[in-house]
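Enquirer: Take this structure first; my questions come after.
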Amino acid sequence: MSTKNKQHFLSILNFFKISFFPKRCIFCDDWFEAKGLMCKKCINSICKMDRRKTKCLVCDSEIDKMDKNDTDTCSSCQMGRPSFSRNLSAMDYNDALGKLIHAVKFGQHRQGCHDLAEIMHRLIPELNADNTVLSWIPLSRRRRLQRGFNQAEEIGKLIAEKRDILSLNVLSRILNTKPQARLNAEKRVENIKGAFVPLNNDKWVGKNIILIDDVITSGSTAQAAAETLLKYGSGRITLLTAGRG
């Protein structure tokens with residue numbers, strides 16, 4: 001069986017498992033029947049995790065006491081403001097969120113995207129849908145075939161439906177880059193350079209774009225994606241992520 005056919009078969013199998021059989025929550029191990037990998041109790045719990053740290057108003061990273069200034073931006077954004085206008089993360093990256101994201105990305109548990117979309121939908125403030133397109137950071141063709149889906153796309157479409165915002169694929173990833181998590185900040189920038197090209201230009205030029213991703217760490221991937229979109233005529237770009245590493 002080819003990789004593509006195998007992924008299609010697994011998707012059908014997961015659909016029937018989700019639709020007709022109860023499952024155990026990956027956190028509390030209780031049985032539940034809703035979509036996703038988490039029961040409502042655990043989603044409520046993860047959404048109540050505290051975020052009292054002072055955050056950068058641009059990239060949403062923690063501001064060190066030494067960086068504190070009148071503009072409420074971190075030292076990195078003071079030295080060079082990113083191409084995206086702002087990153088909004090639902091929560092700080094932690095063990096609970098990491099377990100969920102790992103199950104989705106590496107355990108091929110596509111249904112976990114429903115949990116991530118619900119967490120982001122609850123914790124990210126209201127968005128202006130006027131003159132706005134919601135999209136996502138794309139995967140390379142090879143990585144998408146390996147995983148069977150793009151988790152950012154799945155999350156993005158679910159959030160777009162919840163917030164009544166037009167969703168559209170605006171970028172293609174043309175390079176099979178190395179996984180960013182294995183590289184330091186400097187190598188991440190070099191690794192992602194030239195990785196994106198625009199798609200469906202006539203539908204988003206001049207409009208503000210909301211880009212979805214699961215986690216932001218150095219921001220190099222989001223920076224490269226935003227630079228490409230701005231180069232081809234987009235409006236303001238806002239990044240929405242589940243976790244801030």
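Ordered as shown in the structure tokens, chains take letters A, B, and onward, while each chain numbers its residues from 1 and ligands are numbered from 1 in the order shown.
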Would you kindly return, as a list of chain:residue names, each protein, DNA or RNA residue with an atom no farther than 7 Å from any atom of Lys23 in chain A, considering only C-alpha atoms and excluding same-chain residues fewer than 6 positions away?
Expert: A:Trp31, A:Phe32, A:Glu33
Enquirer: May I have the residues from that selection written out with C-alpha atoms, as a PDB file, in the first residue's frame?
Expert:
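Output saved as again-v6.pdb:
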ATOM      1  CA  TRP A  31     -14.209   7.917  28.797  1.00  0.00           C
ATOM      2  CA  PHE A  32     -15.858  10.566  26.602  1.00  0.00           C
ATOM      3  CA  GLU A  33     -17.616  10.710  23.224  1.00  0.00           C
TER       4      GLU A  33
END
Enquirer: Where in range 25-106 of chain A does DSSP assign helix (DSSP H, G or I), given as a list of chain:residue names?
Expert: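 So the helix (DSSP H, G or I) residues in range 25-106 of chain A would be A:Lys40, A:Lys41, A:Cys42, A:Ile43, A:Asn44, A:Ser45, A:Ile46, A:Cys47, A:Lys65, A:Met66, A:Asp67, A:Ser75, A:Ser76, A:Cys77, A:Gln78, A:Met79, A:Asp95, A:Ala96, A:Leu97, A:Gly98, A:Lys99, A:Leu100, A:Ile101, A:His102, A:Ala103, A:Val104, A:Lys105, A:Phe106.
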Enquirer: Using DSSP assignments from the backbone, pull out every residue in range 6-236 of chain A that falls under strand (DSSP E) and give it to me as a ChimeraX atom specification.
Expert: /A:23-24,31-32,86-92,132-136,171-173,196-198,208-216
Enquirer: Once you have the residues from the selection above, write them out as a compact mmCIF listing (two decimals), in the first residue's frame, restricted to N, CA and C atoms.
Expert:
# COMPACT_ATOMS: atom_id res chain seq x y z
N LYS A 23 -13.92 7.15 23.74
CA LYS A 23 -12.47 6.99 23.90
C LYS A 23 -12.05 7.58 25.23
N ARG A 24 -10.81 7.33 25.59
CA ARG A 24 -10.29 7.84 26.87
C ARG A 24 -9.54 9.15 26.65
N TRP A 31 -13.56 8.16 30.08
CA TRP A 31 -14.21 7.92 28.80
C TRP A 31 -15.03 9.14 28.40
N PHE A 32 -15.02 9.49 27.11
CA PHE A 32 -15.86 10.57 26.60
C PHE A 32 -16.16 10.30 25.13
N ARG A 86 1.79 41.20 14.94
CA ARG A 86 1.65 40.72 16.31
C ARG A 86 1.47 39.21 16.32
N ASN A 87 1.98 38.56 17.36
CA ASN A 87 1.67 37.16 17.61
C ASN A 87 0.77 37.10 18.84
N LEU A 88 -0.30 36.32 18.73
CA LEU A 88 -1.19 36.07 19.86
C LEU A 88 -1.15 34.58 20.16
N SER A 89 -0.61 34.23 21.31
CA SER A 89 -0.56 32.82 21.72
C SER A 89 -1.62 32.57 22.78
N ALA A 90 -2.31 31.44 22.64
CA ALA A 90 -3.36 31.11 23.61
C ALA A 90 -2.78 30.90 25.00
N MET A 91 -1.58 30.32 25.08
CA MET A 91 -0.98 30.03 26.38
C MET A 91 0.51 29.80 26.24
N ASP A 92 1.21 29.79 27.36
CA ASP A 92 2.62 29.43 27.36
C ASP A 92 2.75 27.94 27.09
N THR A 132 -10.39 40.62 6.09
CA THR A 132 -9.42 39.71 6.69
C THR A 132 -9.57 38.30 6.12
N VAL A 133 -8.44 37.66 5.90
CA VAL A 133 -8.40 36.26 5.47
C VAL A 133 -7.64 35.46 6.52
N LEU A 134 -8.17 34.31 6.92
CA LEU A 134 -7.47 33.44 7.86
C LEU A 134 -6.79 32.32 7.09
N SER A 135 -5.50 32.10 7.37
CA SER A 135 -4.75 31.05 6.69
C SER A 135 -3.84 30.34 7.69
N TRP A 136 -2.80 29.66 7.20
CA TRP A 136 -1.98 28.82 8.07
C TRP A 136 -0.58 28.68 7.48
N LEU A 171 -0.20 30.33 1.01
CA LEU A 171 1.22 30.04 0.82
C LEU A 171 1.44 28.58 0.46
N SER A 172 2.50 28.32 -0.28
CA SER A 172 2.97 26.96 -0.53
C SER A 172 4.41 26.87 -0.04
N ARG A 173 4.75 25.74 0.55
CA ARG A 173 6.12 25.53 1.03
C ARG A 173 6.85 24.69 0.00
N PHE A 196 8.91 29.66 1.04
CA PHE A 196 7.51 29.93 0.73
C PHE A 196 7.31 30.68 -0.57
N VAL A 197 6.22 30.36 -1.26
CA VAL A 197 5.76 31.14 -2.42
C VAL A 197 4.27 31.38 -2.23
N PRO A 198 3.73 32.49 -2.79
CA PRO A 198 2.32 32.82 -2.59
C PRO A 198 1.38 31.98 -3.45
N ASN A 208 -5.86 42.05 5.21
CA ASN A 208 -5.13 41.61 6.39
C ASN A 208 -5.20 40.09 6.48
N ILE A 209 -4.11 39.47 6.94
CA ILE A 209 -4.04 38.02 6.98
C ILE A 209 -3.74 37.55 8.40
N ILE A 210 -4.51 36.56 8.84
CA ILE A 210 -4.26 35.89 10.12
C ILE A 210 -3.64 34.54 9.81
N LEU A 211 -2.44 34.28 10.31
CA LEU A 211 -1.74 33.03 10.05
C LEU A 211 -1.76 32.15 11.30
N ILE A 212 -2.18 30.90 11.13
CA ILE A 212 -2.26 29.94 12.23
C ILE A 212 -1.04 29.03 12.25
N ASP A 213 -0.51 28.78 13.44
CA ASP A 213 0.49 27.74 13.64
C ASP A 213 0.28 27.17 15.04
N ASP A 214 0.86 25.99 15.31
CA ASP A 214 0.64 25.40 16.62
C ASP A 214 1.51 26.04 17.70
N VAL A 215 2.80 26.25 17.40
CA VAL A 215 3.73 26.78 18.40
C VAL A 215 4.66 27.79 17.74
N ILE A 216 5.03 28.81 18.49
CA ILE A 216 6.07 29.75 18.05
C ILE A 216 7.21 29.71 19.06
Enquirer: Which neighbours of Ala195 in chain A fall inside 9 Å, counting only C-alpha atoms, when residues of the same chain fewer than 4 positions from it are skipped, and could you give them as a list in words?
Expert: Ser140, Ser172, Arg173, Ile174, Leu175, Asn176, Thr177, Asn191, Ala224 and Ala225 of chain A
Enquirer: Take the residues from that selection and write them out as a CSV table (one decimal), in the first residue's frame, keeping C-alpha atoms.
Expert:
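What follows is the written file selection_14.csv:
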chain,number,residue,atom,x,y,z
A,140,SER,CA,6.3,20.8,2.6
A,172,SER,CA,3.0,27.0,-0.5
A,173,ARG,CA,6.1,25.5,1.0
A,174,ILE,CA,8.4,24.6,-1.8
A,175,LEU,CA,11.5,23.5,0.2
A,176,ASN,CA,11.8,20.3,2.2
A,177,THR,CA,13.5,22.0,5.1
A,191,ASN,CA,17.0,26.9,7.0
A,224,ALA,CA,9.7,34.1,6.5
A,225,ALA,CA,6.0,33.5,5.8
Enquirer: What's the separation between CA of Leu158 in chain A and CA of Glu118 in chain A, in Å to one decimal place?
Expert: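 Atom-to-atom, CA of Leu158 in chain A to CA of Glu118 in chain A, that is 8.5 Å.
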